[in-house]
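Enquirer: File name structure-v4.txt; file contents compact mmCIF, C-alpha atoms; full text below.
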# COMPACT_ATOMS: atom_id res chain seq x y z
CA MET A 1 -15.47 -44.66 13.72
CA SER A 2 -12.47 -46.09 11.91
CA ASN A 3 -11.12 -42.70 10.92
CA LEU A 4 -10.73 -41.84 14.61
CA LEU A 5 -8.14 -44.56 14.85
CA GLU A 6 -4.60 -43.37 15.10
CA LEU A 7 -2.21 -45.99 13.76
CA PRO A 8 1.18 -46.26 15.48
CA ALA A 9 4.26 -44.66 13.91
CA TYR A 10 5.56 -48.05 12.76
CA ALA A 11 2.33 -48.82 10.89
CA ARG A 12 2.14 -45.40 9.21
CA SER A 13 5.79 -45.62 8.31
CA LEU A 14 5.23 -49.00 6.63
CA GLY A 15 2.37 -47.49 4.60
CA ILE A 16 -0.51 -49.20 6.41
CA MET A 17 -3.79 -47.32 6.05
CA VAL A 18 -7.35 -47.69 7.27
CA GLN A 19 -9.29 -48.57 4.14
CA GLY A 20 -12.79 -48.72 5.58
CA ASP A 21 -14.71 -50.83 8.01
CA ASP A 22 -16.71 -54.01 8.09
CA ALA A 23 -19.37 -54.55 10.74
CA GLY A 24 -17.74 -51.83 12.83
CA MET A 25 -14.21 -53.21 12.63
CA PRO A 26 -11.52 -51.38 10.67
CA VAL A 27 -10.18 -52.91 7.45
CA LEU A 28 -6.49 -52.08 7.06
CA THR A 29 -4.51 -52.19 3.86
CA VAL A 30 -0.94 -51.87 2.63
CA ASP A 31 0.16 -51.54 -0.98
CA PHE A 32 2.94 -53.69 -2.38
CA GLY A 33 6.29 -51.90 -2.65
CA PRO A 34 9.97 -52.09 -1.69
CA MET A 35 9.19 -51.49 1.98
CA VAL A 36 7.26 -54.76 2.29
CA GLU A 37 9.16 -56.87 -0.24
CA GLY A 38 10.99 -60.03 0.81
CA ARG A 39 11.58 -62.52 -1.98
CA PRO A 40 11.41 -60.54 -5.25
CA GLN A 41 7.78 -59.60 -5.99
CA HIS A 42 6.52 -61.18 -2.77
CA PHE A 43 5.58 -59.84 0.64
CA HIS A 44 8.12 -60.40 3.41
CA GLY A 45 6.60 -62.57 6.12
CA GLY A 46 7.51 -59.91 8.67
CA ALA A 47 5.61 -57.22 6.78
CA THR A 48 2.54 -59.45 6.58
CA ALA A 49 2.83 -60.08 10.32
CA GLY A 50 3.14 -56.34 10.91
CA LEU A 51 -0.11 -55.73 9.00
CA LEU A 52 -1.89 -58.52 10.91
CA GLU A 53 -0.70 -57.21 14.24
CA THR A 54 -1.68 -53.64 13.43
CA ALA A 55 -5.16 -54.82 12.38
CA GLY A 56 -5.46 -56.79 15.63
CA TYR A 57 -4.66 -53.72 17.73
CA ALA A 58 -6.95 -51.54 15.60
CA ALA A 59 -9.85 -53.98 16.15
CA LEU A 60 -9.24 -54.11 19.89
CA ARG A 61 -8.87 -50.33 20.15
CA THR A 62 -12.14 -49.92 18.23
CA ALA A 63 -13.98 -52.33 20.53
CA LEU A 64 -12.55 -50.62 23.62
CA LEU A 65 -13.52 -47.15 22.39
CA ALA A 66 -17.06 -48.41 21.82
CA ALA A 67 -17.06 -49.63 25.41
CA GLY A 68 -15.73 -46.31 26.71
CA ARG A 69 -12.37 -47.79 27.71
CA ASP A 70 -8.90 -46.47 26.84
CA PRO A 71 -6.31 -48.73 28.48
CA GLN A 72 -2.68 -49.11 27.49
CA LEU A 73 -2.20 -52.24 25.35
CA LYS A 74 0.74 -54.59 25.80
CA PRO A 75 1.47 -57.60 23.61
CA ILE A 76 1.55 -60.98 25.34
CA ASN A 77 2.03 -63.09 22.24
CA ILE A 78 1.19 -63.54 18.59
CA THR A 79 1.05 -66.68 16.48
CA VAL A 80 1.06 -66.14 12.74
CA GLN A 81 0.01 -68.81 10.24
CA TYR A 82 1.16 -68.29 6.67
CA LEU A 83 -1.28 -69.85 4.23
CA ALA A 84 -0.18 -68.51 0.84
CA THR A 85 2.55 -66.23 -0.43
CA GLY A 86 1.70 -62.54 -0.51
CA LYS A 87 2.03 -61.42 -4.12
CA SER A 88 2.83 -57.98 -5.53
CA LYS A 89 -0.59 -56.43 -4.96
CA PRO A 90 -2.41 -54.73 -2.06
CA THR A 91 -3.06 -56.77 1.06
CA PHE A 92 -5.97 -56.25 3.45
CA ALA A 93 -6.51 -57.30 7.06
CA ILE A 94 -9.25 -57.23 9.66
CA GLY A 95 -9.30 -58.30 13.30
CA ARG A 96 -12.11 -59.94 15.22
CA ILE A 97 -12.35 -59.91 19.01
CA THR A 98 -12.75 -63.49 20.16
CA ARG A 99 -12.81 -62.58 23.83
CA LEU A 100 -12.69 -59.19 25.53
CA GLY A 101 -11.98 -59.52 29.22
CA ARG A 102 -11.03 -57.00 31.87
CA ARG A 103 -7.30 -57.62 31.81
CA ASN A 104 -6.69 -59.40 28.54
CA ALA A 105 -8.16 -59.85 25.09
CA ASN A 106 -7.90 -62.59 22.50
CA VAL A 107 -8.00 -61.34 18.92
CA ALA A 108 -8.10 -63.30 15.65
CA VAL A 109 -6.88 -61.58 12.49
CA GLU A 110 -7.07 -62.44 8.79
CA ALA A 111 -5.17 -61.02 5.84
CA TRP A 112 -6.14 -61.49 2.21
CA GLN A 113 -5.42 -60.11 -1.26
CA ASP A 114 -7.93 -60.75 -4.08
CA ASP A 115 -10.45 -62.91 -2.31
CA ARG A 116 -11.42 -62.41 1.27
CA ALA A 117 -12.53 -66.04 1.49
CA ARG A 118 -8.94 -67.13 0.74
CA PRO A 119 -6.75 -65.60 3.44
CA ILE A 120 -2.99 -65.48 2.85
CA ALA A 121 -2.23 -65.35 6.58
CA THR A 122 -3.99 -65.46 9.92
CA ALA A 123 -2.91 -64.57 13.44
CA VAL A 124 -4.07 -65.06 16.99
CA MET A 125 -2.98 -62.45 19.51
CA ASN A 126 -3.24 -62.22 23.28
CA ILE A 127 -3.10 -58.63 24.46
CA LEU A 128 -2.79 -57.33 27.99
CA MET A 129 -4.75 -54.21 28.96
CA VAL A 130 -3.46 -52.08 31.83
CA MET B 131 30.60 -54.13 -7.08
CA GLN B 132 33.17 -55.30 -4.58
CA PRO B 133 35.41 -58.20 -5.64
CA ALA B 134 34.31 -60.37 -2.73
CA MET B 135 30.78 -60.45 -4.05
CA THR B 136 31.61 -61.71 -7.52
CA THR B 137 32.96 -64.97 -6.15
CA PRO B 138 30.30 -67.31 -4.82
CA PRO B 139 31.13 -68.41 -1.28
CA ALA B 140 31.87 -72.10 -0.84
CA ARG B 141 29.10 -72.25 1.71
CA PHE B 142 26.19 -69.98 2.63
CA ASP B 143 27.63 -67.33 4.88
CA ALA B 144 25.18 -65.12 6.77
CA ARG B 145 27.72 -62.31 7.08
CA GLU B 146 28.29 -62.17 3.32
CA ALA B 147 24.64 -62.67 2.43
CA SER B 148 23.66 -59.81 4.74
CA LYS B 149 25.42 -57.42 2.39
CA TRP B 150 22.82 -58.33 -0.22
CA PHE B 151 19.78 -59.02 1.89
CA PHE B 152 19.74 -55.76 3.79
CA ARG B 153 20.40 -53.50 0.84
CA HIS B 154 16.79 -53.40 -0.33
CA GLY B 155 13.27 -54.58 0.39
CA HIS B 156 11.58 -54.86 3.76
CA THR B 157 14.71 -55.73 5.71
CA GLY B 158 16.60 -52.89 4.02
CA TRP B 159 13.87 -50.49 5.03
CA LEU B 160 14.11 -51.75 8.62
CA GLY B 161 17.89 -51.30 8.50
CA LEU B 162 18.69 -54.79 9.76
CA ARG B 163 22.37 -55.50 10.44
CA PHE B 164 24.37 -58.69 10.77
CA THR B 165 25.97 -59.11 14.17
CA ASP B 166 27.01 -62.74 14.73
CA GLN B 167 26.65 -66.32 13.52
CA GLY B 168 27.40 -69.94 14.39
CA ASP B 169 27.03 -73.30 12.67
CA ASN B 170 23.26 -73.29 12.97
CA TRP B 171 22.40 -69.84 14.31
CA VAL B 172 22.41 -66.22 13.24
CA GLU B 173 22.10 -63.01 15.20
CA LEU B 174 20.83 -59.81 13.57
CA GLU B 175 20.25 -56.33 14.94
CA LEU B 176 17.26 -54.06 14.47
CA PRO B 177 18.63 -50.57 15.15
CA TRP B 178 16.59 -48.15 17.20
CA ARG B 179 14.58 -45.76 15.02
CA GLU B 180 12.07 -43.11 15.93
CA ASP B 181 9.59 -44.03 13.20
CA LEU B 182 9.32 -47.66 14.28
CA LEU B 183 7.48 -46.88 17.50
CA GLY B 184 4.52 -49.01 18.42
CA ASP B 185 3.19 -46.96 21.27
CA ARG B 186 2.31 -43.29 21.42
CA SER B 187 3.29 -43.04 25.10
CA ARG B 188 6.76 -44.61 25.17
CA PRO B 189 9.85 -44.55 22.90
CA VAL B 190 9.95 -48.34 22.50
CA LEU B 191 10.33 -50.33 19.27
CA ALA B 192 7.04 -51.78 18.00
CA SER B 193 6.54 -55.52 18.08
CA GLY B 194 5.93 -55.67 14.31
CA PRO B 195 9.54 -54.95 13.31
CA ILE B 196 10.69 -57.41 15.98
CA ILE B 197 8.67 -60.13 14.21
CA SER B 198 10.38 -59.15 10.94
CA LEU B 199 13.77 -59.32 12.67
CA MET B 200 13.03 -62.79 14.04
CA ASP B 201 11.56 -64.01 10.74
CA MET B 202 14.69 -62.92 8.87
CA ALA B 203 17.07 -64.32 11.48
CA SER B 204 15.08 -67.59 11.29
CA GLY B 205 15.48 -67.89 7.52
CA MET B 206 19.19 -67.11 7.72
CA ALA B 207 19.69 -69.61 10.56
CA ILE B 208 18.15 -72.27 8.31
CA TRP B 209 20.51 -71.41 5.45
CA GLN B 210 23.39 -71.29 7.87
CA ALA B 211 22.49 -74.76 9.15
CA SER B 212 21.96 -76.24 5.69
CA GLY B 213 24.96 -74.48 4.18
CA SER B 214 23.06 -73.37 1.11
CA PHE B 215 20.58 -70.73 0.10
CA ASN B 216 17.32 -72.48 -0.73
CA PRO B 217 14.34 -70.18 -0.34
CA VAL B 218 12.02 -71.01 2.52
CA ALA B 219 8.51 -69.88 3.35
CA THR B 220 7.35 -69.21 6.88
CA LEU B 221 4.58 -71.62 7.83
CA ASP B 222 4.08 -70.71 11.46
CA LEU B 223 5.80 -68.18 13.66
CA ARG B 224 5.05 -67.58 17.31
CA VAL B 225 6.44 -64.74 19.38
CA ASP B 226 6.03 -64.53 23.16
CA TYR B 227 6.80 -61.08 24.50
CA GLN B 228 8.42 -61.17 27.94
CA ARG B 229 8.76 -57.43 28.37
CA PRO B 230 9.02 -54.25 26.32
CA ALA B 231 12.45 -53.35 24.95
CA ARG B 232 14.21 -50.61 26.87
CA GLU B 233 13.59 -47.06 25.73
CA ARG B 234 15.56 -46.12 22.63
CA ALA B 235 17.21 -49.54 22.61
CA SER B 236 18.14 -51.53 19.52
CA VAL B 237 16.97 -55.12 19.58
CA ARG B 238 18.98 -58.18 18.58
CA GLY B 239 17.40 -61.40 17.39
CA ARG B 240 19.32 -64.66 17.79
CA VAL B 241 17.72 -67.69 16.18
CA GLU B 242 18.94 -71.28 15.84
CA CYS B 243 17.72 -73.91 13.41
CA TYR B 244 17.57 -76.97 15.64
CA ARG B 245 16.09 -79.45 13.18
CA ARG B 246 15.76 -79.83 9.42
CA THR B 247 13.85 -82.42 7.42
CA ARG B 248 13.60 -82.65 3.63
CA SER B 249 10.69 -80.22 3.50
CA ALA B 250 10.59 -78.42 6.86
CA ALA B 251 12.91 -76.56 9.17
CA PHE B 252 12.33 -75.81 12.86
CA VAL B 253 13.70 -72.74 14.61
CA ARG B 254 13.74 -71.17 18.05
CA GLY B 255 15.32 -68.05 19.36
CA ILE B 256 15.27 -64.96 21.51
CA ALA B 257 15.15 -61.22 21.04
CA HIS B 258 17.17 -59.18 23.53
CA ASP B 259 18.26 -55.60 24.02
CA GLY B 260 21.75 -56.15 25.37
CA ASP B 261 21.61 -59.10 27.75
CA PRO B 262 20.77 -62.46 26.12
CA ASP B 263 19.93 -63.80 29.59
CA ASP B 264 17.12 -61.27 29.93
CA PRO B 265 15.23 -61.63 26.63
CA VAL B 266 12.59 -59.27 25.31
CA ALA B 267 10.87 -62.15 23.51
CA HIS B 268 11.07 -65.84 22.70
CA VAL B 269 10.25 -67.11 19.24
CA ALA B 270 9.45 -70.51 17.73
CA GLY B 271 8.74 -71.22 14.09
CA VAL B 272 8.37 -73.75 11.31
CA PHE B 273 9.44 -73.07 7.73
CA MET B 274 8.85 -74.97 4.49
CA THR B 275 11.45 -75.26 1.76
CA ILE B 276 10.51 -73.93 -1.68
CA GLY B 277 11.61 -75.69 -4.86
CA ALA B 278 12.73 -72.97 -7.24
CA ASP B 279 15.31 -70.34 -6.41
CA PRO B 280 14.16 -66.98 -7.79
CA ARG B 281 17.46 -65.35 -6.85
CA GLN B 282 19.65 -67.65 -8.88
CA GLU B 283 21.00 -64.72 -10.82
CA ASN B 284 22.55 -63.31 -7.66
CA PRO B 285 26.00 -64.93 -7.28
CA ALA B 286 26.36 -64.08 -3.60
CA LEU B 287 23.32 -66.18 -2.76
CA GLN B 288 24.39 -69.40 -4.46
CA GLY B 289 25.73 -71.67 -1.78
CA GLY B 290 28.21 -74.08 -3.31
CA GLY B 291 27.89 -76.77 -0.68
CA GLY B 292 24.33 -77.83 -1.39
CA ASP B 293 23.65 -81.37 -0.27
CA GLU B 294 20.36 -81.86 -2.10
Could you write out this file's structure as structure tokens?
Expert:
Amino acid sequence: MSNLLELPAYARSLGIMVQGDDAGMPVLTVDFGPMVEGRPQHFHGGATAGLLETAGYAALRTALLAAGRDPQLKPINITVQYLATGKSKPTFAIGRITRLGRRNANVAVEAWQDDRARPIATAVMNILMV
Amino acid sequence: MQPAMTTPPARFDAREASKWFFRHGHTGWLGLRFTDQGDNWVELELPWREDLLGDRSRPVLASGPIISLMDMASGMAIWQASGSFNPVATLDLRVDYQRPARERASVRGRVECYRRTRSAAFVRGIAHDGDPDDPVAHVAGVFMTIGADPRQENPALQGGGGDE
């Protein structure tokens, strides 16, 4: 299912890839490199947010496809919590649909590096579906 | 190296620092540009680029790079307000999207640091695509200061007016 997902140009350009899936939701990953670097040898907060957001949309798109829906998605808002610095190694992210309504969805996203139980950042997104 | 960059500025200057910041890394890849600054605010521009699209149906900048723009403008607003370059880490950043950017439009992010404590800095700002009175997004964030400065070797980033 995950390989049917087409990531947006921005995500592909940043090097974000679908790594696999977990319980039907896509796991996205991005390698460390100059394109995501902020402070030397650390992820830029914006790049981490970009990965989280992309994983949130990928999760919602996956859930919608499973429900036979294909609406246009529009961001309402995103709140990102930074829990630990992203170091110079691959980062992963997965989204979870907290609530899927008719017009809007609430999605929670987690990003981690070595240990999935120790996220480096989380996000909550509200997304409008039209 | 240009002569101006070998002399540390007396005070953190977003315009000067931009010459370093946007030369490499994530913000260099995005192509961020300095546009304006004040005592406690900085405005940066994210130029329109075809490969930063977020939507297959419309030529509109993705929201991801806009978060990066606002995150960077936030950090620089904090340094601008404090007068010195002390690394900060984003703790919490919230972006409310009012509307999509116009097609093929660059987006500017203007962020002010309205409050600093010893360990935290609070920012708010807007992203707009030409008219600051009709923003694309509003942003609010909290940053934490970090002790060590890993960029100490870079003379352009050493603010001389540190009040710590």
Enquirer: Write out as a PyMOL selection string every residue belonging to chain A that has an atom at most 7 Å from any atom of chain B, counting only C-alpha atoms.
Expert: chain A and resi 8-10+13+34-38+44-47+49-50+53+75-82
Enquirer: Give me the residues within 12 Å of segment 18-22 of chain A as a list in words, counting only C-alpha atoms and dropping any in the same chain fewer than 6 places off.
Expert: Met1, Ser2, Asn3, Leu4, Leu5, Glu6, Leu7, Pro8, Ala11, Arg12, Leu28, Thr29, Val30, Asp31, Leu51, Thr54, Ala55, Ala58, Ala59, Thr62, Pro90, Thr91, Phe92, Ala93, Ile94, Gly95 and Arg96 of chain A
Enquirer: Quick one: distance from atom CA of Gln210 of chain B to atom CA of Glu146 of chain B in Å, one decimal?
Expert: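 Spanning atom CA of Gln210 of chain B to atom CA of Glu146 of chain B is a straight-line distance of 11.3 Å.
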Enquirer: What is the atom CA of Thr85 of chain A to atom CA of Asn126 of chain A distance in Å?
Expert: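 We find that atom CA of Thr85 of chain A and atom CA of Asn126 of chain A lie 24.7 Å from each other.
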Enquirer: Check the smallest atom-to-atom distance from each of A:Val124, A:Met129, A:Ala111, A:Leu60 to Ile97 of chain A using all atoms listed in the file, then report the winner.
Expert: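 Looking only at the distances to Ile97 of chain A, the closest residue turns out to be A:Leu60.
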Enquirer: As an exercise, work out the distance from atom CA of Asp166 of chain B to atom CA of Arg245 of chain B in Å and give it to one decimal place.
Expert: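 The value is 20.0 Å.
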Enquirer: Need to verify the contact set: Asn106 of chain A, 6 Å, only C-alpha atoms, exclusion of same-chain residues closer than 4 positions in sequence. Can you return it as a list in words?
Expert: Thr98, Arg99, Met125 and Asn126 of chain A
Enquirer: Which residue out of A:Leu52, A:Val130, A:Met25, A:Ile16 has the minimum interatomic distance to Gly101 of chain A when all atoms listed in the file are used?
Expert: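 So, comparing all the options, the nearest one is A:Val130.
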Enquirer: Ala211 of chain B: which residues within 7 Å, counting only C-alpha atoms, same-chain residues fewer than 6 positions away excluded, as a ChimeraX atom specification?
Expert: /B:169-170,243
Enquirer: Name the residues in contact with Tyr57 of chain A at a cut-off of 9 Å, using all atoms listed in the file, excluding same-chain residues fewer than 6 positions from it; report them as a compact mmCIF listing (two decimals) with C-alpha atoms, keeping the file's coordinate frame.
Expert:
# COMPACT_ATOMS: atom_id res chain seq x y z
CA LEU A 73 -2.20 -52.24 25.35
CA GLY A 95 -9.30 -58.30 13.30
CA VAL A 107 -8.00 -61.34 18.92
CA ILE A 127 -3.10 -58.63 24.46
